Amino acid sequence: MYLSKLFIPITKDLPSEAKIKSHQLMLRAGMIKQSSTGIYSWLPLGFKIMKKVEQIVRQEQNLIGAQELLMPTIQSAEIWKESGRYQDYGEEMLRIKDRQGREMLYGPTNEELITDIFRSSIKSYKSLPQLLYHIQWKFRDEVRPRFGIMRCREFYMKDAYSFDLSDEEAKLSYNKMFYSYIKTFNRLGLKAIPMAADTGPIGGDLSHEFIILAETGESQIYADKRIFDIDLDKYDFSKRSLEKMREDFSSIYAVTDEKFDEKKFDKLVKKENQIKTKGIEVGHIFYFGDKYSKPLNCMIDAQDGKKIALKMGSYGIGVSRIVGAAIEANYKDNVMKWPKAIAPFDVVIIPSISKNNKENLQKAIKVYNELKEQNIDVLLDDVDENMSNKFKKHDLIGVPYQIIMGSKSSSNNLEFKELNSEIEMMSMEKIKSKLKKK
Ligand code: 5CA
């Protein structure tokens, strides 16, 4: 992609409500545009990043045997009346009437709808267990939408639902999802801490939040940094091994404000291992047994002929929120560096261009074509602008690698720079192999 062709409306004027870095940066770099309070359009740069996040989330869900489907954004109020949540959800739910006067709503989550699908399709224990998910827009009429797409009204979420016959089987599904979440956040280049959590309006008796570290987060967290040393490869997919994994994570100190006890923290965690910072919730998983299957009459014929209400869990990841959270976790000293897995481009070529010398641009185009042939996603800054402005712009866009074509670069020895590191001289071959190893 040539920068001159990219629809990337870089802006300097920021609205006063853009208080945190990710919100400011996403507006400045033309990634999103607010259309009304807490509702955003995703412009090409932001959309591309969000789609990369989505794809990693999807791959990791598929790897644990979850199956993707797609439920609609608009739901009927009927099923919510059956579960009793139509009233409970209160004003956070956007209620709509269709032309027949039927009560509808824009889904804030999908426990009811998936249970409705399940109860009419699955009748026998033989079809269990099942793990289903979709990635779909949600709407919650938040009292105070803020921080751009981090706490907005319309957001993109991966929500998965598990269906099992017994508590024990359901715990296995829960643990698989726990495992998958740690792996997903690792792949996204984010350090996430799982923390035992309250279940809130979703309900249930077992729940974990996944929180990534960032100074600007909404929750204060206290943790032992050894939690990041747990190696997932140690565990296999047996019940016992996955239970052990969750125990291992739970045995390391990690709490939010409400559960913090300074004495205990100092006693259990050595000073050099203490993390005291803020965090952003990027995922939340719940086990709630038959909280929805009972009122919605989602029963199954068990092996002994008895009818049993299914045991369910639900598992959310804030796909759109992760884009902002990744910025909060990685933006330092006015430089944004995207984790490689979700960077909008693999590399940017920045040639110095002057009106009477287009030769350098021609050289850059050659390098660009050569990299494209290797399936490397390249951005070419072909804009006629001075180098210092270009560098500022690329500090904002955050492509992790740069090829700088000024006076020092020759055709096979180029200035190569990883953001926040020193420039190195590098041959084309070495650049190619470095960029291919992603
Ligand atoms: N039904 C459950 C699990 S599928 C559920 O809805 N959980 S949740 O309420 O915790 O939301 C899941 C994730 O969506 C959160 O961890 C968060 O990352 C994201 N999320 C929730 N509310 C918002 C919001 N207003 N703006 C952006 N992302 C949000």
# chains A, B, ... in the order shown; residues from 1 in each chain; ligands from 1
$ residues_near_ligand --ligand "ligand 1" --cutoff "9 Å" --atoms "only C-alpha atoms and all ligand atoms" --output "VMD selection string"
chain A and resid 38 108 to 111 133 138 to 142 145 to 146 148 to 161 199 to 202 209 to 211 280 to 286 313 to 322
$ residues_around --residues "stretch 167-178 of chain A" --least-positions-apart "4" --cutoff "10 Å" --atoms "only C-alpha atoms" --output "ChimeraX atom specification"
/A:60-61,64-66,128-131,160-163,182-184,194,206-210,237-246,284-290,310-316
$ write_last_selection --atoms "C-alpha atoms" --output "PDB file, in the first residue's frame"
ATOM      1  CA  GLU A  60      -7.427 -20.100  19.087  1.00  0.00           C
ATOM      2  CA  GLN A  61     -11.125 -20.819  19.646  1.00  0.00           C
ATOM      3  CA  ILE A  64      -9.875 -26.002  21.383  1.00  0.00           C
ATOM      4  CA  GLY A  65     -12.727 -27.384  19.323  1.00  0.00           C
ATOM      5  CA  ALA A  66     -15.122 -24.441  19.579  1.00  0.00           C
ATOM      6  CA  LEU A 128     -22.498 -33.272  24.224  1.00  0.00           C
ATOM      7  CA  PRO A 129     -20.243 -31.551  25.041  1.00  0.00           C
ATOM      8  CA  GLN A 130     -20.638 -28.543  22.754  1.00  0.00           C
ATOM      9  CA  LEU A 131     -18.669 -25.338  22.565  1.00  0.00           C
ATOM     10  CA  ALA A 160     -18.539 -18.453  23.472  1.00  0.00           C
ATOM     11  CA  TYR A 161     -20.954 -20.777  25.254  1.00  0.00           C
ATOM     12  CA  SER A 162     -20.351 -24.256  26.616  1.00  0.00           C
ATOM     13  CA  PHE A 163     -22.950 -26.982  27.130  1.00  0.00           C
ATOM     14  CA  ILE A 182      -3.884 -17.245  28.063  1.00  0.00           C
ATOM     15  CA  LYS A 183      -2.631 -18.520  24.714  1.00  0.00           C
ATOM     16  CA  THR A 184      -4.666 -15.983  22.733  1.00  0.00           C
ATOM     17  CA  PRO A 194      -6.247 -14.124  35.053  1.00  0.00           C
ATOM     18  CA  LEU A 206     -16.984 -19.360  39.075  1.00  0.00           C
ATOM     19  CA  SER A 207     -15.520 -16.521  37.088  1.00  0.00           C
ATOM     20  CA  HIS A 208     -12.199 -15.060  35.939  1.00  0.00           C
ATOM     21  CA  GLU A 209     -11.285 -11.757  34.425  1.00  0.00           C
ATOM     22  CA  PHE A 210      -8.281 -11.450  32.127  1.00  0.00           C
ATOM     23  CA  PHE A 237      -5.750 -31.456  27.584  1.00  0.00           C
ATOM     24  CA  SER A 238      -6.615 -34.053  30.212  1.00  0.00           C
ATOM     25  CA  LYS A 239      -9.041 -33.038  32.971  1.00  0.00           C
ATOM     26  CA  ARG A 240      -6.388 -33.365  35.602  1.00  0.00           C
ATOM     27  CA  SER A 241      -3.719 -31.406  33.784  1.00  0.00           C
ATOM     28  CA  LEU A 242      -6.013 -28.494  32.943  1.00  0.00           C
ATOM     29  CA  GLU A 243      -7.299 -28.351  36.517  1.00  0.00           C
ATOM     30  CA  LYS A 244      -3.691 -28.252  37.684  1.00  0.00           C
ATOM     31  CA  MET A 245      -3.032 -25.374  35.269  1.00  0.00           C
ATOM     32  CA  ARG A 246      -5.861 -23.304  36.748  1.00  0.00           C
ATOM     33  CA  HIS A 284     -14.167 -12.458  31.193  1.00  0.00           C
ATOM     34  CA  ILE A 285     -15.291 -16.061  31.636  1.00  0.00           C
ATOM     35  CA  PHE A 286     -18.194 -17.416  33.679  1.00  0.00           C
ATOM     36  CA  TYR A 287     -19.473 -20.760  34.842  1.00  0.00           C
ATOM     37  CA  PHE A 288     -23.125 -20.551  35.858  1.00  0.00           C
ATOM     38  CA  GLY A 289     -24.454 -24.117  35.659  1.00  0.00           C
ATOM     39  CA  ASP A 290     -28.190 -24.160  34.935  1.00  0.00           C
ATOM     40  CA  LEU A 310     -27.680 -28.387  30.844  1.00  0.00           C
ATOM     41  CA  LYS A 311     -24.669 -26.950  32.609  1.00  0.00           C
ATOM     42  CA  MET A 312     -23.475 -23.834  30.848  1.00  0.00           C
ATOM     43  CA  GLY A 313     -20.662 -21.339  30.849  1.00  0.00           C
ATOM     44  CA  SER A 314     -20.039 -18.177  28.825  1.00  0.00           C
ATOM     45  CA  TYR A 315     -16.754 -16.709  27.725  1.00  0.00           C
ATOM     46  CA  GLY A 316     -16.183 -13.203  26.359  1.00  0.00           C
TER      47      GLY A 316
END
$ residues_around --residues "A:Pro339" --least-positions-apart "5" --cutoff "9 Å" --atoms "only C-alpha atoms" --output "list in words"
Leu188, Gly189, Leu190, Ala326, Asn330, Val399 and Pro400 of chain A
$ closest_residue --among "A:Glu82, A:Glu17, A:Asp377, A:Asp384" --to "A:Asn356" --atoms "only C-alpha atoms"
A:Asp384
$ atom_distance --atom1 "atom CA of A:His134" --atom2 "atom CA of A:Met71"
7.0 Å
$ atom_distance --atom1 "atom CA of A:Ala329" --atom2 "atom CA of A:Leu213"
6.5 Å
$ closest_residue --among "A:Pro44, A:Ala192, A:Thr37, A:Gln362" --to "A:Lys5" --atoms "only C-alpha atoms"
A:Pro44
$ residues_around --residues "A:Val367" --least-positions-apart "4" --cutoff "12 Å" --atoms "only C-alpha atoms" --output "ChimeraX atom specification"
/A:347-351,360-363,371-374,376,378-380,403-405,409-414,427-429,431-432
$ select_by_dssp --residues "stretch 158-347 of chain A" --states "alpha helix (DSSP H)" --output "PyMOL selection string"
chain A and resi 167-187+239-250+262-268+319-330
$ select_by_dssp --residues "stretch 88-333 of chain A" --states "strand (DSSP E or B)" --output "ChimeraX atom specification"
/A:94-97,103-106,124,130-139,146,151,154-164,192-196,206-213,219-224,254-256,274-289,299-301,307-309,311-318,332
$ atom_distance --atom1 "atom CA of A:Ser83" --atom2 "atom CA of A:Lys97"
19.8 Å
$ residues_around --residues "A:Leu14" --least-positions-apart "6" --cutoff "9 Å" --atoms "only C-alpha atoms" --output "list of chain:residue names"
A:Gln24, A:Leu27, A:Arg28
$ write_last_selection --atoms "N, CA and C atoms" --output "PDB file, in the first residue's frame"
ATOM      1  N   GLN A  24      -6.751   9.211  22.065  1.00  0.00           N
ATOM      2  CA  GLN A  24      -6.111  10.294  21.315  1.00  0.00           C
ATOM      3  C   GLN A  24      -5.442   9.748  20.063  1.00  0.00           C
ATOM      4  N   LEU A  27      -7.729   8.541  17.259  1.00  0.00           N
ATOM      5  CA  LEU A  27      -8.328   9.644  16.505  1.00  0.00           C
ATOM      6  C   LEU A  27      -7.273  10.315  15.635  1.00  0.00           C
ATOM      7  N   ARG A  28      -6.097  10.562  16.228  1.00  0.00           N
ATOM      8  CA  ARG A  28      -5.046  11.265  15.477  1.00  0.00           C
ATOM      9  C   ARG A  28      -4.578  10.461  14.271  1.00  0.00           C
TER      10      ARG A  28
END
$ closest_residue --among "A:Lys294, A:Arg102, A:Lys51, A:Lys264" --to "A:Thr115" --atoms "only C-alpha atoms"
A:Lys294
